[in-house]
Each structure stands twice: as structure tokens, then as C-alpha cells.
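Presented below is the structure to which this report refers.
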Amino acid sequence: MSIRDNLEQVNENMKKYASKGENPKLIAVTKTVELDRIKEAIECGVTDIGENKPQELDMKYDELKDSVNYHMIGHLQTNKVKNVVGKACLIHSLDRISLLDEIEKRAKAIGKPQDCLIQLNVAEEEQKSGLYIDDLEDFIQEIEKKEFVKVKGLMNIAPFAENPEDIRWNFKKMRQIYDKMKDKDYKNIEMKYLSMGMSHDYTIALEEGANMIRVGSFIFGKRNYNK
Ligand SMILES: *Cc1c(COP(=O)(O)O)cnc(C)c1O
């Protein structure tokens, strides 16, 4: 299947599975994908790409410039924040105070607000990043003290499940938290995006109310990490 065919199928599924009232946005995940193939995807209508490594985002930014929007979707080390702030339209992986402080500092330095999503680790998987739900209230208080960090929603990476039906609860839980926060009037926080769902589970994420999905291998094929 070609990139064009795969994209067509994702777009069809987005219409078919989106929950009522949502008009979901596709982030094409381009980690390890070569520039030529990313350009092809852009020609087929992709407007937003996701990268999980700051260096790779930086490199692609230099080449592709403003032909596409960049999303930082992977775990972010504080010493790499400077490579990303101002380039990523959205940082999906805000999950701890030290990172919040560093993004604030770097955004302030360039005088531009930085949009972020709070990454939640709903399943409390120890080996994975993301904030635990119990720590959310305190984290919100810290965000409200900032000037340049603007939170635009929530992000989640669901646990892997052979049958994605088994993790539907995880997406449901995310949507509950999202809706609850939407009713609140926090400073610097607006619930606009709920980023969840990847190649093997995005249709279920959409059914449960995702309005931003991050799809890589379904569009570009299996990744080759050994280049
Ligand atoms: C790689 C990645 C994706 C996309 O994964 P696929 O299974 O290839 O669709 C989505 N989100 C994050 C955070 C990723 O690192």
C-alpha cells in the first residue's frame, strides 16, 4: 500500500469512528521516516507531523521549514527543551515540574508562549512517562503560576494490548478527566485537544472521544531503527 492509500484509509476511519461533535486532527508520526517520504505525505495533505526525539525534530525543521507543523510527542529531557521550544507547535509530553519550569524559561527567553499537553499515565505503568492522576491537582496549581506555558489539553499513551478492546477503559478514563477539566476555569489551561490513539488502537480512541490521533506505522510502514 502507498502512503496515499494509507492516508486515505486513516481519513476515512477518522470520519467513521469520530465521536459526535468531534472533528479529529491527524498527527502523522514521522520518527525514523526519511525526508522524501515525509514530503510525499505532505503532498497528500498531511499538515502535522510528530517526532519523539528533539534532535530529529530539529533536523527535519531545518529541512522542511514551514511546509508542515511539528509536534513533540516523545519523552522530553530538560536539557533538550531549548531545541524544541518555538519550533514545536505543541509539546505533547509535559509530565513533570522540572520540565514545566524549563519550558517556561525557554519560552520566556524567546518571548513566545508555548502550547503543551499534559501527558497522563492513566494505567500507572512504572516504566513509562506521564503524570499520575493523583498528582494532577498539584501540577495544575504550578501551571497556573506560569506566564508562557499554555496547556491546550491532555495526551496519553495507552498500554499495549494484543486486543485494543482491552484498553478501551483507558481511553474512557482520559475522556472523563478531559471533560471534568473542561468545566473548570483554570488559568493557562484550556481543554481543546485530547491526543490519544496510535496505529493499532486509534479507532477505539476515536470512539471514546479522541480529537487528535498520532499514527505512524499504519501510514509509513514498519519503522527501521538501524539506519
Ligand atoms: C511512535 C509513536 C506513535 C505512533 O506509533 P505507531 O504505532 O507507529 O502509530 C504515537 N505516539 C507516540 C508518543 C509515539 O512515540
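If you're wondering about the labels, chains in the C-alpha cells are A, B, ... by order shown, residues count from 1 in each chain, ligands from 1 in order shown.
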
Q. Which protein, DNA or RNA residues have an atom within 10 Å of ligand 1, counting only C-alpha atoms and all ligand atoms, as a ChimeraX atom specification?
A. /A:27-32,50-53,72-75,92-93,119,155-158,160,195-202,213-223

Q: Using DSSP on the backbone coordinates, identify all residues within segment 43-218 of chain A classified as strand (DSSP E or B); present the result as a ChimeraX atom specification.
A: /A:48-51,69-72,88-94,114-120,131,149-156,189-195,212-215

Q: Using only C-alpha atoms, find the one residue out of A:Lys105, A:Lys150, A:Lys82, A:Arg4 that sits nearest to Tyr186 of chain A.
A: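 Looking at the shortest contact to Tyr186 of chain A, the residue is A:Lys150.
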
**Q.** Exercise: segment 15-18 of chain A partners within 7 Å, only C-alpha atoms, chain neighbours under 6 positions left out, as a list in words
**A.**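 Skipping anything fewer than 6 positions along the chain leaves Pro24, Thr203, Leu206, Glu207 and Gly209 of chain A.
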
Q) Which distance in Å separates atom CA of Leu90 of chain A and atom CA of Cys116 of chain A, to one decimal? A) 5.2 Å

Q | Test item, helix (DSSP H, G or I) assignment across segment 2-227 of chain A, answer as a ChimeraX atom specification | A | /A:3-17,35-43,54-67,78-83,97-110,133-144,164-182,202-207,217-220

Q: Could you check which of A:Glu22, A:Glu142, A:Glu124, A:Glu137 is closest to Leu100 of chain A, using only C-alpha atoms?
A: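 Once distances to Leu100 of chain A are computed over only C-alpha atoms, the minimum belongs to A:Glu142.
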
**Q.** Distance in Å - atom CA of Leu7 of chain A versus atom CA of Cys44 of chain A
**A.** 7.8 Å

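The smallest atom-to-atom distance between Tyr193 of chain A and any of A:Lys152, A:Lys87, A:Arg96, A:Lys172, using only C-alpha atoms, is found for A:Lys152.
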
Q: Find, counting only C-alpha atoms, the residue in A:Val10, A:Leu194, A:Gln114, A:Ala88 that gets nearest to Gln176 of chain A.
A: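 Smallest separation from Gln176 of chain A among the options: A:Leu194.
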
**Q.** Selection near Lys80 of chain A, 10 Å with only C-alpha atoms, sequence-local residues under 5 positions removed, as an MDAnalysis selection string
**A.** chainID A and resid 53:55 85 102:103

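Each of A:Val151, A:Ala41, A:Met212, A:Met181 was checked against Glu104 of chain A using only C-alpha atoms; the smallest atom-to-atom distance is that of A:Val151.
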
Q: Go through A:Arg175, A:Asp183, A:Glu147, A:Gln141 one by one, measure the shortest atom-to-atom distance of each to Ser19 of chain A using only C-alpha atoms, and give the residue with the smallest value.
A: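 Result for the nearest residue to Ser19 of chain A: A:Arg175.
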
Q.
Env of Glu63 of chain A: 12 Å cut, atoms = only C-alpha atoms, seq-sep filter 2 positions within chain, self excluded. Answer as a list in words.
A.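 Contacts, with the query itself left out: Glu34, Leu35, Asp36, Ile38, Lys39, Glu56, Leu57, Asp58, Met59, Lys60, Tyr61, Lys65, Asp66, Ser67 and Val68 of chain A.
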
Please list as a compact mmCIF listing (two decimals) with N, CA, C and O atoms, in the first residue's frame every residue within 7 Å of Asn69 of chain A, counting only C-alpha atoms and excluding residues in the same chain fewer than 3 positions away.
# COMPACT_ATOMS: atom_id res chain seq x y z
N THR A 47 -0.70 17.82 7.36
CA THR A 47 -0.36 19.18 7.81
C THR A 47 0.46 19.19 9.09
O THR A 47 1.07 20.20 9.44
N ASP A 48 0.45 18.05 9.81
CA ASP A 48 1.10 17.99 11.12
C ASP A 48 1.89 16.70 11.25
O ASP A 48 1.36 15.62 10.98
N ILE A 49 3.15 16.83 11.68
CA ILE A 49 3.95 15.63 11.90
C ILE A 49 4.41 15.56 13.36
O ILE A 49 4.57 16.58 14.02
N ASP A 66 8.52 25.71 7.14
CA ASP A 66 7.11 25.89 7.50
C ASP A 66 6.15 25.20 6.52
O ASP A 66 5.01 25.59 6.37
N CYS A 89 4.74 23.23 17.51
CA CYS A 89 3.50 23.98 17.75
C CYS A 89 2.83 23.44 19.01
O CYS A 89 2.06 24.14 19.66
